[in-house]
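Pasting protein-v6.pdb here (PDB, C-alpha atoms, pLDDT in the B column):
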ATOM      1  CA  MET A  70      10.931  11.396  41.406  1.00 56.00           C
ATOM      2  CA  SER A  71      11.705  13.376  38.288  1.00 55.00           C
ATOM      3  CA  TYR A  72      11.710  16.834  36.805  1.00 58.00           C
ATOM      4  CA  LEU A  73       8.494  17.831  35.023  1.00 63.00           C
ATOM      5  CA  LYS A  74       8.751  17.890  31.256  1.00 68.00           C
ATOM      6  CA  GLU A  75       5.659  20.110  31.152  1.00 75.00           C
ATOM      7  CA  TRP A  76       4.187  22.273  33.902  1.00 78.00           C
ATOM      8  CA  SER A  77       1.059  20.822  35.520  1.00 80.00           C
ATOM      9  CA  THR A  78      -1.915  23.041  36.381  1.00 85.00           C
ATOM     10  CA  ARG A  79      -1.086  22.940  40.090  1.00 82.00           C
ATOM     11  CA  SER A  80       2.430  24.165  39.296  1.00 81.00           C
ATOM     12  CA  TYR A  81       1.046  27.640  38.658  1.00 88.00           C
ATOM     13  CA  LYS A  82      -0.466  27.950  42.141  1.00 90.00           C
ATOM     14  CA  GLN A  83       1.203  30.173  44.713  1.00 90.00           C
ATOM     15  CA  LEU A  84       4.021  28.575  46.676  1.00 83.00           C
ATOM     16  CA  ASP A  85       4.811  30.032  50.088  1.00 87.00           C
ATOM     17  CA  LEU A  86       8.119  29.068  51.685  1.00 83.00           C
ATOM     18  CA  LYS A  87       8.308  29.866  55.371  1.00 87.00           C
ATOM     19  CA  ILE A  88      11.445  30.119  57.467  1.00 86.00           C
ATOM     20  CA  PRO A  89      11.296  27.322  60.061  1.00 84.00           C
ATOM     21  CA  ARG A  90      11.126  28.308  63.706  1.00 83.00           C
ATOM     22  CA  ILE A  91      14.497  27.153  64.963  1.00 81.00           C
ATOM     23  CA  CYS A  92      14.816  26.607  68.703  1.00 80.00           C
ATOM     24  CA  PRO A  93      18.379  27.305  69.780  1.00 78.00           C
ATOM     25  CA  VAL A  94      19.713  24.722  72.211  1.00 78.00           C
ATOM     26  CA  ASP A  95      22.692  25.163  74.474  1.00 79.00           C
ATOM     27  CA  GLY A  96      25.245  22.433  74.057  1.00 79.00           C
ATOM     28  CA  ARG A  97      27.765  21.097  71.609  1.00 81.00           C
ATOM     29  CA  HIS A  98      26.661  19.603  68.328  1.00 81.00           C
ATOM     30  CA  GLN A  99      28.670  17.865  65.681  1.00 85.00           C
ATOM     31  CA  VAL A 100      27.569  17.016  62.168  1.00 85.00           C
ATOM     32  CA  TYR A 101      29.272  14.338  60.110  1.00 89.00           C
ATOM     33  CA  ARG A 102      28.916  13.393  56.488  1.00 83.00           C
ATOM     34  CA  GLN A 103      30.850  10.217  55.861  1.00 88.00           C
ATOM     35  CA  ASP A 104      30.612   6.463  55.579  1.00 90.00           C
ATOM     36  CA  VAL A 105      28.676   5.207  58.602  1.00 92.00           C
ATOM     37  CA  PHE A 106      31.044   2.271  59.175  1.00 94.00           C
ATOM     38  CA  GLU A 107      34.018   4.640  59.318  1.00 94.00           C
ATOM     39  CA  LEU A 108      32.116   7.011  61.613  1.00 95.00           C
ATOM     40  CA  CYS A 109      31.360   4.213  64.104  1.00 94.00           C
ATOM     41  CA  LYS A 110      35.085   3.799  64.760  1.00 92.00           C
ATOM     42  CA  SER A 111      35.437   7.262  66.266  1.00 94.00           C
ATOM     43  CA  VAL A 112      32.028   8.251  67.707  1.00 94.00           C
ATOM     44  CA  GLU A 113      30.515   7.040  70.965  1.00 94.00           C
ATOM     45  CA  THR A 114      26.938   7.911  72.004  1.00 93.00           C
ATOM     46  CA  ASP A 115      24.324   7.083  74.614  1.00 95.00           C
ATOM     47  CA  LEU A 116      21.600   6.558  71.996  1.00 95.00           C
ATOM     48  CA  THR A 117      21.908   5.935  68.267  1.00 95.00           C
ATOM     49  CA  TYR A 118      18.948   6.221  65.881  1.00 94.00           C
ATOM     50  CA  LEU A 119      19.273   4.339  62.594  1.00 92.00           C
ATOM     51  CA  ASP A 120      16.983   4.823  59.608  1.00 88.00           C
ATOM     52  CA  PRO A 121      18.776   3.100  56.732  1.00 86.00           C
ATOM     53  CA  PRO A 122      17.451   3.175  53.185  1.00 79.00           C
ATOM     54  CA  TYR A 123      16.043  -0.117  51.953  1.00 71.00           C
ATOM     55  CA  GLY A 124      15.358  -1.739  48.599  1.00 61.00           C
ATOM     56  CA  SER A 125      12.134  -3.369  47.491  1.00 57.00           C
ATOM     57  CA  ASN A 126      11.241  -6.853  48.695  1.00 56.00           C
ATOM     58  CA  ASN A 127       8.949  -7.433  45.713  1.00 53.00           C
ATOM     59  CA  GLU A 128      10.123 -10.706  44.146  1.00 54.00           C
ATOM     60  CA  LYS A 129       7.885 -10.205  41.090  1.00 47.00           C
ATOM     61  CA  MET A 130       9.639  -7.032  40.017  1.00 45.00           C
ATOM     62  CA  PRO A 131      13.219  -6.758  38.815  1.00 47.00           C
ATOM     63  CA  PRO A 132      15.437  -4.818  41.238  1.00 49.00           C
ATOM     64  CA  SER A 133      15.075  -1.110  40.781  1.00 51.00           C
ATOM     65  CA  ARG A 134      18.020   1.024  39.799  1.00 55.00           C
ATOM     66  CA  ILE A 135      16.307   3.942  41.536  1.00 57.00           C
ATOM     67  CA  ARG A 136      18.169   4.574  44.769  1.00 67.00           C
ATOM     68  CA  TYR A 137      17.086   6.354  47.920  1.00 69.00           C
ATOM     69  CA  ALA A 138      19.204   9.421  47.176  1.00 73.00           C
ATOM     70  CA  SER A 139      17.510   9.932  43.822  1.00 75.00           C
ATOM     71  CA  TYR A 140      14.115  10.517  45.459  1.00 74.00           C
ATOM     72  CA  TYR A 141      15.613  13.630  47.031  1.00 77.00           C
ATOM     73  CA  HIS A 142      17.451  14.857  43.957  1.00 81.00           C
ATOM     74  CA  ILE A 143      15.377  18.044  43.639  1.00 82.00           C
ATOM     75  CA  TRP A 144      15.961  18.921  47.316  1.00 84.00           C
ATOM     76  CA  THR A 145      19.662  18.255  46.768  1.00 86.00           C
ATOM     77  CA  THR A 146      19.652  20.698  43.871  1.00 88.00           C
ATOM     78  CA  VAL A 147      17.835  23.340  45.953  1.00 87.00           C
ATOM     79  CA  ILE A 148      20.267  22.963  48.860  1.00 87.00           C
ATOM     80  CA  LEU A 149      23.401  22.941  46.719  1.00 90.00           C
ATOM     81  CA  ASN A 150      22.005  25.645  44.444  1.00 92.00           C
ATOM     82  CA  ASP A 151      23.795  24.077  41.506  1.00 94.00           C
ATOM     83  CA  LYS A 152      23.065  23.104  37.933  1.00 93.00           C
ATOM     84  CA  PRO A 153      23.892  19.393  37.979  1.00 91.00           C
ATOM     85  CA  ASP A 154      24.480  17.063  35.080  1.00 91.00           C
ATOM     86  CA  ILE A 155      21.242  15.152  34.527  1.00 87.00           C
ATOM     87  CA  SER A 156      20.602  11.833  32.833  1.00 82.00           C
ATOM     88  CA  GLY A 157      17.974   9.238  32.010  1.00 79.00           C
ATOM     89  CA  LYS A 158      14.381   9.566  30.923  1.00 77.00           C
ATOM     90  CA  ALA A 159      13.394  11.185  34.228  1.00 75.00           C
ATOM     91  CA  LEU A 160      16.293  13.666  34.040  1.00 79.00           C
ATOM     92  CA  ARG A 161      17.588  13.021  37.556  1.00 81.00           C
ATOM     93  CA  ARG A 162      20.889  14.237  38.904  1.00 84.00           C
ATOM     94  CA  THR A 163      23.660  12.040  37.509  1.00 85.00           C
ATOM     95  CA  ASP A 164      25.279  12.007  40.962  1.00 83.00           C
ATOM     96  CA  SER A 165      22.161  10.273  42.365  1.00 78.00           C
ATOM     97  CA  SER A 166      22.465   7.328  39.983  1.00 73.00           C
ATOM     98  CA  ASP A 167      22.784   3.720  41.086  1.00 66.00           C
ATOM     99  CA  ARG A 168      26.480   3.513  40.309  1.00 68.00           C
ATOM    100  CA  ILE A 169      27.303   6.555  42.446  1.00 66.00           C
ATOM    101  CA  ALA A 170      24.620   6.792  45.148  1.00 57.00           C
ATOM    102  CA  GLY A 171      23.824   3.118  45.771  1.00 67.00           C
ATOM    103  CA  SER A 172      23.853   1.930  49.380  1.00 78.00           C
ATOM    104  CA  VAL A 173      24.630  -1.506  50.760  1.00 78.00           C
ATOM    105  CA  PHE A 174      21.418  -1.133  52.790  1.00 79.00           C
ATOM    106  CA  GLU A 175      19.427  -1.140  49.540  1.00 76.00           C
ATOM    107  CA  GLU A 176      21.135  -4.285  48.259  1.00 74.00           C
ATOM    108  CA  PHE A 177      18.649  -6.894  46.975  1.00 76.00           C
ATOM    109  CA  ARG A 178      21.028  -9.813  46.372  1.00 77.00           C
ATOM    110  CA  LYS A 179      22.044 -12.634  48.672  1.00 81.00           C
ATOM    111  CA  HIS A 180      25.587 -13.311  49.818  1.00 82.00           C
ATOM    112  CA  GLU A 181      27.158 -16.640  48.839  1.00 86.00           C
ATOM    113  CA  ASN A 182      26.320 -17.870  52.361  1.00 87.00           C
ATOM    114  CA  GLY A 183      22.587 -17.484  51.573  1.00 82.00           C
ATOM    115  CA  ARG A 184      21.988 -14.403  53.729  1.00 84.00           C
ATOM    116  CA  PHE A 185      20.754 -11.158  52.234  1.00 82.00           C
ATOM    117  CA  ILE A 186      23.605  -8.666  51.904  1.00 84.00           C
ATOM    118  CA  VAL A 187      21.463  -5.971  53.542  1.00 85.00           C
ATOM    119  CA  VAL A 188      20.978  -8.172  56.623  1.00 89.00           C
ATOM    120  CA  GLU A 189      24.738  -8.622  56.868  1.00 91.00           C
ATOM    121  CA  ALA A 190      25.178  -4.851  56.559  1.00 91.00           C
ATOM    122  CA  ILE A 191      22.735  -4.205  59.431  1.00 92.00           C
ATOM    123  CA  ASP A 192      24.509  -6.891  61.479  1.00 94.00           C
ATOM    124  CA  ARG A 193      27.883  -5.242  60.810  1.00 94.00           C
ATOM    125  CA  LEU A 194      26.527  -1.795  61.647  1.00 94.00           C
ATOM    126  CA  LEU A 195      25.018  -2.898  64.971  1.00 95.00           C
ATOM    127  CA  SER A 196      28.280  -4.599  65.842  1.00 95.00           C
ATOM    128  CA  SER A 197      30.271  -1.422  65.044  1.00 95.00           C
ATOM    129  CA  ILE A 198      28.144   1.106  66.941  1.00 95.00           C
ATOM    130  CA  LYS A 199      29.497   2.289  70.282  1.00 96.00           C
ATOM    131  CA  SER A 200      26.217   3.076  71.990  1.00 96.00           C
ATOM    132  CA  ARG A 201      24.247   1.824  74.975  1.00 96.00           C
ATOM    133  CA  TRP A 202      20.872   2.062  73.238  1.00 97.00           C
ATOM    134  CA  ILE A 203      19.968   1.778  69.567  1.00 96.00           C
ATOM    135  CA  ILE A 204      16.711   2.543  67.789  1.00 96.00           C
ATOM    136  CA  LEU A 205      16.444   0.920  64.371  1.00 93.00           C
ATOM    137  CA  SER A 206      13.681   2.089  62.055  1.00 91.00           C
ATOM    138  CA  TYR A 207      12.849  -0.377  59.299  1.00 87.00           C
ATOM    139  CA  SER A 208       9.983  -0.815  56.867  1.00 82.00           C
ATOM    140  CA  SER A 209       8.037  -3.946  56.061  1.00 80.00           C
ATOM    141  CA  GLY A 210       8.774  -2.990  52.457  1.00 75.00           C
ATOM    142  CA  GLY A 211      12.497  -3.639  52.930  1.00 77.00           C
ATOM    143  CA  ARG A 212      14.405  -6.751  51.934  1.00 77.00           C
ATOM    144  CA  ALA A 213      15.186  -7.888  55.492  1.00 80.00           C
ATOM    145  CA  THR A 214      12.378  -9.933  57.032  1.00 78.00           C
ATOM    146  CA  ALA A 215      11.056  -9.614  60.582  1.00 76.00           C
ATOM    147  CA  ALA A 216      12.631 -12.940  61.585  1.00 81.00           C
ATOM    148  CA  GLU A 217      16.022 -11.997  60.149  1.00 86.00           C
ATOM    149  CA  LEU A 218      15.987  -8.621  61.894  1.00 86.00           C
ATOM    150  CA  ASP A 219      14.981 -10.261  65.169  1.00 88.00           C
ATOM    151  CA  ASP A 220      17.948 -12.637  64.910  1.00 91.00           C
ATOM    152  CA  VAL A 221      20.372  -9.790  64.188  1.00 92.00           C
ATOM    153  CA  LEU A 222      19.017  -7.508  66.916  1.00 93.00           C
ATOM    154  CA  THR A 223      19.039 -10.166  69.638  1.00 94.00           C
ATOM    155  CA  THR A 224      22.615 -11.065  68.696  1.00 94.00           C
ATOM    156  CA  HIS A 225      23.711  -7.564  69.673  1.00 95.00           C
ATOM    157  CA  GLY A 226      21.429  -6.810  72.595  1.00 95.00           C
ATOM    158  CA  THR A 227      18.046  -7.043  74.239  1.00 95.00           C
ATOM    159  CA  ILE A 228      14.950  -5.803  72.433  1.00 94.00           C
ATOM    160  CA  LEU A 229      13.278  -3.485  74.956  1.00 95.00           C
ATOM    161  CA  ASP A 230      10.362  -2.327  72.797  1.00 94.00           C
ATOM    162  CA  ILE A 231       8.929  -2.473  69.280  1.00 91.00           C
ATOM    163  CA  VAL A 232       6.669   0.272  67.951  1.00 91.00           C
ATOM    164  CA  GLU A 233       4.691  -0.344  64.777  1.00 88.00           C
ATOM    165  CA  LEU A 234       3.461   2.516  62.594  1.00 84.00           C
ATOM    166  CA  GLU A 235       1.057   2.015  59.707  1.00 77.00           C
ATOM    167  CA  TYR A 236       1.313   3.883  56.413  1.00 65.00           C
ATOM    168  CA  ARG A 237      -1.431   4.282  53.855  1.00 56.00           C
ATOM    169  CA  LYS A 238      -1.173   2.270  50.701  1.00 49.00           C
ATOM    170  CA  ASN A 239       0.563   3.610  47.648  1.00 48.00           C
ATOM    171  CA  VAL A 240       0.569   2.330  44.088  1.00 44.00           C
ATOM    172  CA  MET A 241       3.290  -0.197  44.880  1.00 44.00           C
ATOM    173  CA  ALA A 242       1.190  -1.677  47.684  1.00 47.00           C
ATOM    174  CA  LYS A 243      -1.340  -2.937  45.132  1.00 47.00           C
ATOM    175  CA  MET A 244       1.213  -5.371  43.709  1.00 42.00           C
ATOM    176  CA  ARG A 245       1.705  -8.851  45.102  1.00 43.00           C
ATOM    177  CA  TRP A 246       4.385  -8.953  47.769  1.00 40.00           C
ATOM    178  CA  THR A 247       6.048 -12.123  48.960  1.00 44.00           C
ATOM    179  CA  ASN A 248       7.653 -10.943  52.168  1.00 44.00           C
ATOM    180  CA  GLU A 249       5.831 -12.348  55.195  1.00 45.00           C
ATOM    181  CA  TRP A 250       5.387  -8.941  56.820  1.00 43.00           C
ATOM    182  CA  LEU A 251       3.256  -7.763  53.944  1.00 45.00           C
ATOM    183  CA  ARG A 252       1.387 -11.021  53.531  1.00 40.00           C
ATOM    184  CA  ASP A 253      -0.460 -10.226  56.740  1.00 44.00           C
ATOM    185  CA  ALA A 254      -0.580  -6.459  56.232  1.00 44.00           C
ATOM    186  CA  LYS A 255      -3.762  -5.760  54.328  1.00 49.00           C
ATOM    187  CA  GLU A 256      -3.374  -2.085  55.153  1.00 49.00           C
ATOM    188  CA  GLY A 257      -0.026  -1.773  53.358  1.00 61.00           C
ATOM    189  CA  ASN A 258       3.468  -0.920  54.481  1.00 73.00           C
ATOM    190  CA  ARG A 259       4.370  -0.738  58.141  1.00 80.00           C
ATOM    191  CA  GLU A 260       7.312   0.943  59.814  1.00 84.00           C
ATOM    192  CA  PHE A 261       8.900  -0.786  62.804  1.00 87.00           C
ATOM    193  CA  MET A 262      10.950   0.986  65.456  1.00 90.00           C
ATOM    194  CA  PHE A 263      13.116  -1.447  67.428  1.00 93.00           C
ATOM    195  CA  LEU A 264      14.627  -0.230  70.696  1.00 95.00           C
ATOM    196  CA  ILE A 265      17.510  -2.382  71.844  1.00 95.00           C
ATOM    197  CA  GLU A 266      19.948  -2.163  74.717  1.00 97.00           C
ATOM    198  CA  LYS A 267      23.325  -3.250  73.453  1.00 94.00           C
ATOM    199  CA  THR A 268      25.180  -5.987  75.298  1.00 86.00           C
TER     200      THR A 268
END

Any chance you could put this one into structure tokens?
Amino acid sequence: MSYLKEWSTRSYKQLDLKIPRICPVDGRHQVYRQDVFELCKSVETDLTYLDPPYGSNNEKMPPSRIRYASYYHIWTTVILNDKPDISGKALRRTDSSDRIAGSVFEEFRKHENGRFIVVEAIDRLLSSIKSRWIILSYSSGGRATAAELDDVLTTHGTILDIVELEYRKNVMAKMRWTNEWLRDAKEGNREFMFLIEKT
């Protein structure tokens, strides 16, 4: 999450970086880096996989200003090979701050109609996607509840399958959570993969 102010003992151990074994595949590929809602207007697919970032559902904690992009700030620096402006106590990239890198999918507030803004964003995204099948990956640690996601998904299609993956507890899992998914999850966070056929 942050740059080290002092080197830890393990930092002096050998680090081996290996070139990944890339399997060339025949066929056309396109890579886009743009707003997903804009991209949906021009791209049509058979299957779309969505793994949006999500904010905390912990009602006892104030909303975090740490955004998804900031957890990858060191990788961003390695890939861009730059010397970014840094800020804050943790000395993260300034361009990964809340004001610049925030996502509507991490939004913790409710809309004036009483719905969570993130749920409305997922609803809008599913409506915009031109795809026959959609897989949505979402964590029990996110703001949207299981019931809300079910309502949104069934509005846009038929849920064909749900796969649940368990993750080991982390320090945040020891806090009291109020979201109903985690009330029943003594083992900690769970990741849900929803497969829907769009109607």

| Exactly which residues make up the result of the PyMOL selection byres ((chain A and resi 190) around 12) on this file, given as number ranges by chain? | A: 105-106, 121-123, 172-177, 179-180, 184-189, 191-197, 212-213, 218, 221

Taking 5 positions as the minimum chain separation for residues in the same chain, which residues sit within 7 Å of His142 of chain A when counting only C-alpha atoms? Answer as a PDB file with C-alpha atoms, keeping the file's coordinate frame.
ATOM      1  CA  ARG A 161      17.588  13.021  37.556  1.00 81.00           C
ATOM      2  CA  ARG A 162      20.889  14.237  38.904  1.00 84.00           C
ATOM      3  CA  SER A 165      22.161  10.273  42.365  1.00 78.00           C
TER       4      SER A 165
END

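Taking atom CA of Leu149 of chain A as the reference point, atom CA of Arg102 of chain A is found at 14.7 Å.
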
Check the smallest atom-to-atom distance from each of A:Tyr141, A:Ile155, A:Ser209, A:Ile231 to Asn258 of chain A using only C-alpha atoms, then report the winner.
->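 Result for the nearest residue to Asn258 of chain A: A:Ser209.
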
- Query: What is the atom CA of Tyr140 of chain A to atom CA of Leu160 of chain A distance in Å?
  - Reply: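 Pair atom CA of Tyr140 of chain A / atom CA of Leu160 of chain A returns 12.0 Å.
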
Atom pair atom CA of Arg201 of chain A + atom CA of Thr268 of chain A, distance 7.9 Å

| Which residue, A:Ile198, A:Ile88, A:Ile148, A:Met262, has the smallest gap to Ala215 of chain A when you use all atoms listed in the file? |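 Residue with the minimum atom-to-atom distance to Ala215 of chain A: A:Met262.
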
Could you list, as a list in words, every residue within 7 Å of segment 226-230 of chain A, counting only C-alpha atoms and ignoring same-chain residues fewer than 2 positions away? Leu222, Thr223, Thr224, Val232, Phe263, Leu264, Ile265, Glu266, Lys267 and Thr268 of chain A

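For the file at hand, the PyMOL selection byres ((chain A and resi 207) around 7) resolves to Asp120, Leu205, Ser206, Ser208, Ser209, Glu260, Phe261 and Met262 of chain A.
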